2 protein chains.
Amino acid sequence: MKRLLASFALLASASAMAADGGERPNIVLFLVDDMGWQDTSLPFYKERTRYNDLFETPNMERLASEGMMFTSAYASSVSSPSRCSLMTGSNAARHRVTNWTLERNVSTDRDDDLLAFPQWNVNGLACVPGVENTFYVTALPELLRRAGYFTIHCGKAHLGAIDTPGENPVHFGFEVNIAGHAAGGPASYLGVDNFGHDSVGNPVSKFAIPGLRDYWGQDIFLSEALTIEALRALDKADAYGQPFFLYMSHYAVHVPIDKDNRFYQKYIDRGIPEKDAAYAALVEGMDKSLGDLMDWLEETGNDRNTIIIFMSDNGGLAAETYCRDGERHTQNAPLNSGKGSAYEGGIREPMIVKWPGTVEPGSECDELVAIEDFFPTILEMAGVRRYETVQAVDGESFVPLLKGEGRGKERTLIWNFPNKWDAEGPGIGATCTIRRGDWKLIYFYKDGHKELYDIASDIGERNDLSSQQPEQVEKLSRLLGRKLRGMDAQRPAFKATGKPCPWPDEL
Amino acid sequence: MKRLLASFALLASASAMAADGGERPNIVLFLVDDMGWQDTSLPFYKERTRYNDLFETPNMERLASEGMMFTSAYASSVSSPSRCSLMTGSNAARHRVTNWTLERNVSTDRDDDLLAFPQWNVNGLACVPGVENTFYVTALPELLRRAGYFTIHCGKAHLGAIDTPGENPVHFGFEVNIAGHAAGGPASYLGVDNFGHDSVGNPVSKFAIPGLRDYWGQDIFLSEALTIEALRALDKADAYGQPFFLYMSHYAVHVPIDKDNRFYQKYIDRGIPEKDAAYAALVEGMDKSLGDLMDWLEETGNDRNTIIIFMSDNGGLAAETYCRDGERHTQNAPLNSGKGSAYEGGIREPMIVKWPGTVEPGSECDELVAIEDFFPTILEMAGVRRYETVQAVDGESFVPLLKGEGRGKERTLIWNFPNKWDAEGPGIGATCTIRRGDWKLIYFYKDGHKELYDIASDIGERNDLSSQQPEQVEKLSRLLGRKLRGMDAQRPAFKATGKPCPWPDEL
């Protein structure tokens with residue numbers, strides 16, 4: 001009889017969970033890769049720019065009309081740090097996946113003449129302890145899964161190195177993995193190229209897209225194939241009656257800028273030069289995917305209970321001439337520089353949130369939001385109130401901003417990049433950065449110089465105020481140094497002496 | 001500073017887990033489908049039988065020489081009840097997935113002239129509460145996954161109906177799913193048949209094998225393709241340095257008995273009739289898979305720390321003449337009947353366990369073991385000592401038996417099958433059954449008759465002792481009735497009156 005009673009008690013608690021379950025919103029986290037702040041017809045700046053006129057993203061406009069635009073949303077300047085923060089809530093200074101990952105125990109840092117770079121977590125995240133050079137975590141999808149969400153990964157994962165558990169997003173709690181693996185970009189967007197496989201099915205590089213065999217040889221663009229597969233997974237979620245978390249993580253708009261023939265010619269006909277036309281077509285294919293998902297949500301009646309979050313993982317690539325027209329480092333104008341840079345062009349992101357019944361349609365928020373804030377925010381949205389993580393969470397929920405309640409206190413953002421990225425350009429190098437209010441301080445590890453900008457009046461970061469505002473420089477340096485040490489951040493060292501570069505408040 | 005300390009504490013606990021991690025054994029659970037007790041050259045009976053001479057399973061012999069044979073291991077008489085018990089530790093009387101599952105809300109019970117069958121859990125298991133006609137569970141792989149195991153599903157899943165969460169084994173905590181879905185058998189074992197897909201890739205039936213696209217059109221047998229894919233997953237587990245749980249759940253040896261041309265002709269050349277030759281080849285292909293896995297374990301040095309458990313999910317199919325030669329219901333001789341039957345031919349299984357350093361090589365155990373015992377046993381093997389499940393666990397760990405410590409108390413097994421299976425034959429029908437010591441009582445719901453056998457002296461169940469042993473019948477009936485009610489078991493009803501069939505102790 002004892003066993004019977006125990007069994008009833010268990011069933012009762014299960015029912016209580018079911019009752020809760022019905023009210024939980026579905027969540028679509030739509031993350032675009034390498035998309036700049038200006039790569040859209042939706043103006044995130046106070047005025048329309050030439051790039052807003054170049055790009056056509058009607059579905060971003062549609063989403064913004066139904067939700068809230070965030071004009072001051074930030075990520076890291078390269079992919080892995082952002083994605084690792086997104087999945088963990090930890091700042092990159094803490095998780096130490098500060099440059100991009102790919103191969104096990106191989107750093108992607110470029111050699112430098114003066115600086116030696118630290119042993120950062122070159123293997124990315126791990127869901128289990130004890131994997132060398134990884135940050136051990138309780139990931140966002142794991143917590144959502146445990147709370148009863150059907151968790152779907154679609155597209156680029158890039159969370160851990162090849163041959164480590166983090167290479168496969170299922171290890172972080174995703175129940176479905178469509179085309180995600182260790183690599184951070186696609187070998188090819190083209191079905192006719194088997195998405196980067198040769199005619200006998202061998203990958204042409206480590207960037208060959210896994211899965212999607214059904215589309216090989218077809219005239220289909222990767223963004224479209226991913227969308228079709230994501231919708232299939234959503235059909236299942238709908239049938240199951242479970243709330244779902246779809247992490248729609250497009251490979252677009254990462255290089256190579258393969259031509260999406262559904263849209264390319266239109267831009268050429270408008271007189272756009274070839275590279276920009278191809279890039280705009282890649283952007284529009286991504287935007288169509290957003291529209292297709294929104295259509296599915298409406299057609300199935302799920303739109304009323306589904307949150308959509310739109311974000312990019314770093315600034316638009318502007319340091320290379322092979323993929324964009326125009327002068328280098330100008331493609332995120334009015335922002336300076338692009339991907340890889342500590343300037344706004346590298347870290348400021350287009351962000352939109354639709355939350356029916358909570359977010360006022362067509363609204364705008366200029367408060368600072370960072371990529372690590374998504375973790376506590378999404379868990380709060382999902383009603384996951386009590387949870388344990390093995391990592392420390394630095395992010396702060398922006399649910400109050402979505403509710404129009406304001407934040408009540410000033411948000412301070414920090415970045416740490418003790419590395420050397422692939423290309424050169426303005427603000428690209430080993431830096432740490434702090435943003436507080438309108439002020440932004442960048443500290444360059446290599447030569448110790450500091451730059452201070454008033455972002456409100458100088459979003460292009462052309463007017464360094466550091467010599468005019470020594471007190472502000474000192475104050476921000478102190479705060480930044482304290483935060484970095486508090487997160488056990490890493491820093492480069494000088495090759496000549498073997499000594500670490502000073503913290504920003506030690507100079 | 002507070003945050004820093006918190007972070008250190010978390011890291012410290014993570015390290016402790018890593019230290020534990022190194023000692024946990026890998027576990028391979030090798031489950032064969034529909035394999036009878038005699039479908040092997042390894043004798044599980046006290047004497048060799050003609051079937052032991054028909055079949056060639058050298059790798060089962062190899063495994064037995066390195067481990068312990070269980071001669072009195074039991075499962076349910078059809079697939080779904082066994083598999084659901086395996087994943088949950090619950091007896092079928094409790095989990096109520098008592099017949100086989102496939103389509104949502106569709107019972108596979110055959111119509112009966114006299115009996116109406118209960119609303120059993122026709123949708124199988126569910127990992128979330130609130131899914132109609134399912135048993136809500138915390139599944140075995142989920143608990144292993146949470147304990148840091150890399151969890152791999154390969155082959156037949158058959159845990160939940162189409163369009164319910166249970167259709168996909170990833171929902172139960174498997175991180176990798178190779179070819180598992182709702183269906184309990186393969187449309188085709190042949191790569192040249194695209195494993196049940198037509199030339200444009202459409203499934204020919206609900207039994208078409210999902211995935212495995214790389215093998216379509218190739219001259220490869222399903223058991224081989226599954227093994228190659230399982231080994232790929234094991235290579236990953238090895239690279240990750242995580243302990244792994246491989247659930248190698250062969251579709252073999254379920255119908256259709258497609259010819260495995262690697263082995264078929266050999267049996268023909270030995271003078272075996274065609275149907276039995278095809279069946280023996282199917283069995284040997286499964287056995288080769290076992291050998292390939294054992295080879296991989298040895299080659300990678302993982303054999304010293306890997307437990308292998310061999311089991312089948314129900315008795316061999318003997319009720320149909322299209323797939324086996326000889327008289328119906330004789331293919332499990334000396335056992336009576338086969339799949340679907342309450343007689344030994346339906347429920348007694350070949351079982352072997354290898355556990356290096358714990359199980360004595362070449363040993364044998366005649367103690368009673370049931371399919372629901374695997375759940376607590378495997379968790380104990382994995383060192384998962386404290387865990388919570390939403391379901392009640394009926395199984396008992398057989399780790400003491402593996403250690404040669406004996407059980408210390410008598411094990412009582414019960415079965416409940418308030419359903420009507422596909423075929424007819426001896427012991428096939430709505431029954432409940434109890435085994436205690438050498439005694440076995442079967443109660444037939446339809447006509448209320450009871451049969452009593454002394455299995456030790458009458459393994460073929462030819463000599464019904466019920467009229468000679470009325471006290472034993474009464475005692476076992478009482479125990480069985482009490483246990484069934486204690487598990488909130490279901491029973492059929494009489495169509496004529498609408499009244500439920502009596503419990504075995506009500507007659």
# chains A, B, ... in the order shown; residues from 1 in each chain; ligands from 1
$ residues_around --residues "Gln265 in chain B" --least-positions-apart "2" --cutoff "12 Å" --atoms "only C-alpha atoms" --output "PDB file with C-alpha atoms, in the first residue's frame"
ATOM      1  CA  LYS B 259      17.983 -12.109 -46.532  1.00  0.00           C
ATOM      2  CA  ASP B 260      21.337 -10.975 -45.195  1.00  0.00           C
ATOM      3  CA  ASN B 261      23.497 -12.139 -48.082  1.00  0.00           C
ATOM      4  CA  ARG B 262      26.648 -12.092 -46.005  1.00  0.00           C
ATOM      5  CA  PHE B 263      25.436 -15.201 -44.199  1.00  0.00           C
ATOM      6  CA  TYR B 267      22.922 -21.909 -44.014  1.00  0.00           C
ATOM      7  CA  ILE B 268      21.408 -23.053 -47.306  1.00  0.00           C
ATOM      8  CA  ASP B 269      24.609 -24.973 -47.992  1.00  0.00           C
ATOM      9  CA  ARG B 270      24.202 -26.621 -44.621  1.00  0.00           C
ATOM     10  CA  GLY B 271      20.796 -27.887 -45.764  1.00  0.00           C
ATOM     11  CA  ILE B 272      18.751 -25.475 -43.636  1.00  0.00           C
ATOM     12  CA  PRO B 273      15.352 -24.680 -45.216  1.00  0.00           C
ATOM     13  CA  GLU B 274      15.001 -21.232 -46.737  1.00  0.00           C
ATOM     14  CA  LYS B 275      12.981 -19.465 -44.057  1.00  0.00           C
ATOM     15  CA  ASP B 276      15.112 -20.715 -41.228  1.00  0.00           C
ATOM     16  CA  ALA B 277      18.245 -19.959 -43.247  1.00  0.00           C
ATOM     17  CA  ALA B 278      17.133 -16.357 -43.739  1.00  0.00           C
ATOM     18  CA  TYR B 279      16.267 -16.076 -40.050  1.00  0.00           C
ATOM     19  CA  ALA B 280      19.604 -17.547 -38.987  1.00  0.00           C
ATOM     20  CA  ALA B 281      21.411 -15.084 -41.268  1.00  0.00           C
ATOM     21  CA  LEU B 282      19.477 -12.212 -39.678  1.00  0.00           C
TER      22      LEU B 282
END
$ residues_around --residues "range 157-162 of chain A" --least-positions-apart "2" --cutoff "9 Å" --atoms "only C-alpha atoms" --output "count of residues only"
36
$ residues_around --residues "Gly460 in chain B" --least-positions-apart "6" --cutoff "8 Å" --atoms "only C-alpha atoms" --output "list in words"
Ala333, Pro334, Leu335, Asn336 and Glu344 of chain B
$ residues_around --residues "Ile309 in chain B" --least-positions-apart "6" --cutoff "6 Å" --atoms "only C-alpha atoms" --output "VMD selection string"
chain B and resid 29 to 30 352 to 353
$ residues_around --residues "Glu320 in chain A" --least-positions-apart "2" --cutoff "12 Å" --atoms "only C-alpha atoms" --output "NGL selection string"
:A and (255-256 or 275 or 316-318 or 322-331 or 337-340 or 422-425)
$ write_last_selection --atoms "N, CA and C atoms" --output "PDB file, in the first residue's frame"
ATOM      1  N   VAL A 255      30.493  35.104 -44.307  1.00  0.00           N
ATOM      2  CA  VAL A 255      31.113  34.746 -45.593  1.00  0.00           C
ATOM      3  C   VAL A 255      31.138  33.229 -45.735  1.00  0.00           C
ATOM      4  N   PRO A 256      31.146  32.622 -46.920  1.00  0.00           N
ATOM      5  CA  PRO A 256      31.225  33.267 -48.243  1.00  0.00           C
ATOM      6  C   PRO A 256      29.886  33.870 -48.656  1.00  0.00           C
ATOM      7  N   LYS A 275      29.141  43.051 -55.248  1.00  0.00           N
ATOM      8  CA  LYS A 275      29.386  42.501 -53.900  1.00  0.00           C
ATOM      9  C   LYS A 275      28.286  42.900 -52.927  1.00  0.00           C
ATOM     10  N   GLY A 316      28.960  43.782 -38.475  1.00  0.00           N
ATOM     11  CA  GLY A 316      29.126  43.367 -39.864  1.00  0.00           C
ATOM     12  C   GLY A 316      30.590  43.361 -40.276  1.00  0.00           C
ATOM     13  N   LEU A 317      30.945  42.395 -41.096  1.00  0.00           N
ATOM     14  CA  LEU A 317      32.329  42.276 -41.558  1.00  0.00           C
ATOM     15  C   LEU A 317      32.660  43.447 -42.480  1.00  0.00           C
ATOM     16  N   ALA A 318      33.661  44.250 -42.093  1.00  0.00           N
ATOM     17  CA  ALA A 318      34.002  45.438 -42.877  1.00  0.00           C
ATOM     18  C   ALA A 318      35.502  45.545 -43.096  1.00  0.00           C
ATOM     19  N   TYR A 322      37.056  41.691 -50.188  1.00  0.00           N
ATOM     20  CA  TYR A 322      36.575  40.696 -51.157  1.00  0.00           C
ATOM     21  C   TYR A 322      35.067  40.464 -51.060  1.00  0.00           C
ATOM     22  N   CYS A 323      34.457  40.920 -49.986  1.00  0.00           N
ATOM     23  CA  CYS A 323      33.047  40.583 -49.809  1.00  0.00           C
ATOM     24  C   CYS A 323      32.103  41.783 -49.817  1.00  0.00           C
ATOM     25  N   ARG A 324      32.635  42.981 -49.697  1.00  0.00           N
ATOM     26  CA  ARG A 324      31.764  44.164 -49.717  1.00  0.00           C
ATOM     27  C   ARG A 324      32.373  45.233 -50.604  1.00  0.00           C
ATOM     28  N   ASP A 325      31.494  46.021 -51.200  1.00  0.00           N
ATOM     29  CA  ASP A 325      31.963  47.160 -51.973  1.00  0.00           C
ATOM     30  C   ASP A 325      32.220  48.344 -51.041  1.00  0.00           C
ATOM     31  N   GLY A 326      32.895  49.333 -51.569  1.00  0.00           N
ATOM     32  CA  GLY A 326      33.178  50.547 -50.790  1.00  0.00           C
ATOM     33  C   GLY A 326      34.471  50.425 -50.009  1.00  0.00           C
ATOM     34  N   GLU A 327      34.831  51.525 -49.361  1.00  0.00           N
ATOM     35  CA  GLU A 327      36.036  51.557 -48.528  1.00  0.00           C
ATOM     36  C   GLU A 327      35.931  50.565 -47.370  1.00  0.00           C
ATOM     37  N   ARG A 328      37.061  49.974 -46.996  1.00  0.00           N
ATOM     38  CA  ARG A 328      37.056  49.113 -45.826  1.00  0.00           C
ATOM     39  C   ARG A 328      36.626  49.893 -44.576  1.00  0.00           C
ATOM     40  N   HIS A 329      36.040  49.185 -43.641  1.00  0.00           N
ATOM     41  CA  HIS A 329      35.686  49.713 -42.312  1.00  0.00           C
ATOM     42  C   HIS A 329      34.568  50.753 -42.339  1.00  0.00           C
ATOM     43  N   THR A 330      33.890  50.896 -43.484  1.00  0.00           N
ATOM     44  CA  THR A 330      32.817  51.907 -43.569  1.00  0.00           C
ATOM     45  C   THR A 330      31.419  51.284 -43.639  1.00  0.00           C
ATOM     46  N   GLN A 331      31.346  49.969 -43.727  1.00  0.00           N
ATOM     47  CA  GLN A 331      30.060  49.334 -44.055  1.00  0.00           C
ATOM     48  C   GLN A 331      29.050  49.308 -42.912  1.00  0.00           C
ATOM     49  N   SER A 337      34.255  51.128 -38.066  1.00  0.00           N
ATOM     50  CA  SER A 337      34.823  49.781 -38.167  1.00  0.00           C
ATOM     51  C   SER A 337      33.744  48.691 -38.242  1.00  0.00           C
ATOM     52  N   GLY A 338      34.067  47.462 -37.844  1.00  0.00           N
ATOM     53  CA  GLY A 338      33.117  46.354 -37.972  1.00  0.00           C
ATOM     54  C   GLY A 338      33.574  45.162 -37.165  1.00  0.00           C
ATOM     55  N   LYS A 339      33.134  43.995 -37.566  1.00  0.00           N
ATOM     56  CA  LYS A 339      33.457  42.749 -36.863  1.00  0.00           C
ATOM     57  C   LYS A 339      34.916  42.740 -36.395  1.00  0.00           C
ATOM     58  N   GLY A 340      35.117  42.338 -35.155  1.00  0.00           N
ATOM     59  CA  GLY A 340      36.468  42.236 -34.615  1.00  0.00           C
ATOM     60  C   GLY A 340      36.935  43.492 -33.907  1.00  0.00           C
ATOM     61  N   ASP A 422      41.572  37.883 -36.874  1.00  0.00           N
ATOM     62  CA  ASP A 422      42.095  37.591 -38.207  1.00  0.00           C
ATOM     63  C   ASP A 422      42.569  38.813 -38.993  1.00  0.00           C
ATOM     64  N   ALA A 423      41.822  39.903 -38.921  1.00  0.00           N
ATOM     65  CA  ALA A 423      42.104  41.039 -39.805  1.00  0.00           C
ATOM     66  C   ALA A 423      42.586  42.243 -38.996  1.00  0.00           C
ATOM     67  N   GLU A 424      42.955  43.286 -39.698  1.00  0.00           N
ATOM     68  CA  GLU A 424      43.426  44.513 -39.057  1.00  0.00           C
ATOM     69  C   GLU A 424      42.448  45.654 -39.343  1.00  0.00           C
ATOM     70  N   GLY A 425      42.471  46.634 -38.475  1.00  0.00           N
ATOM     71  CA  GLY A 425      41.613  47.782 -38.724  1.00  0.00           C
ATOM     72  C   GLY A 425      41.363  48.571 -37.456  1.00  0.00           C
TER      73      GLY A 425
END
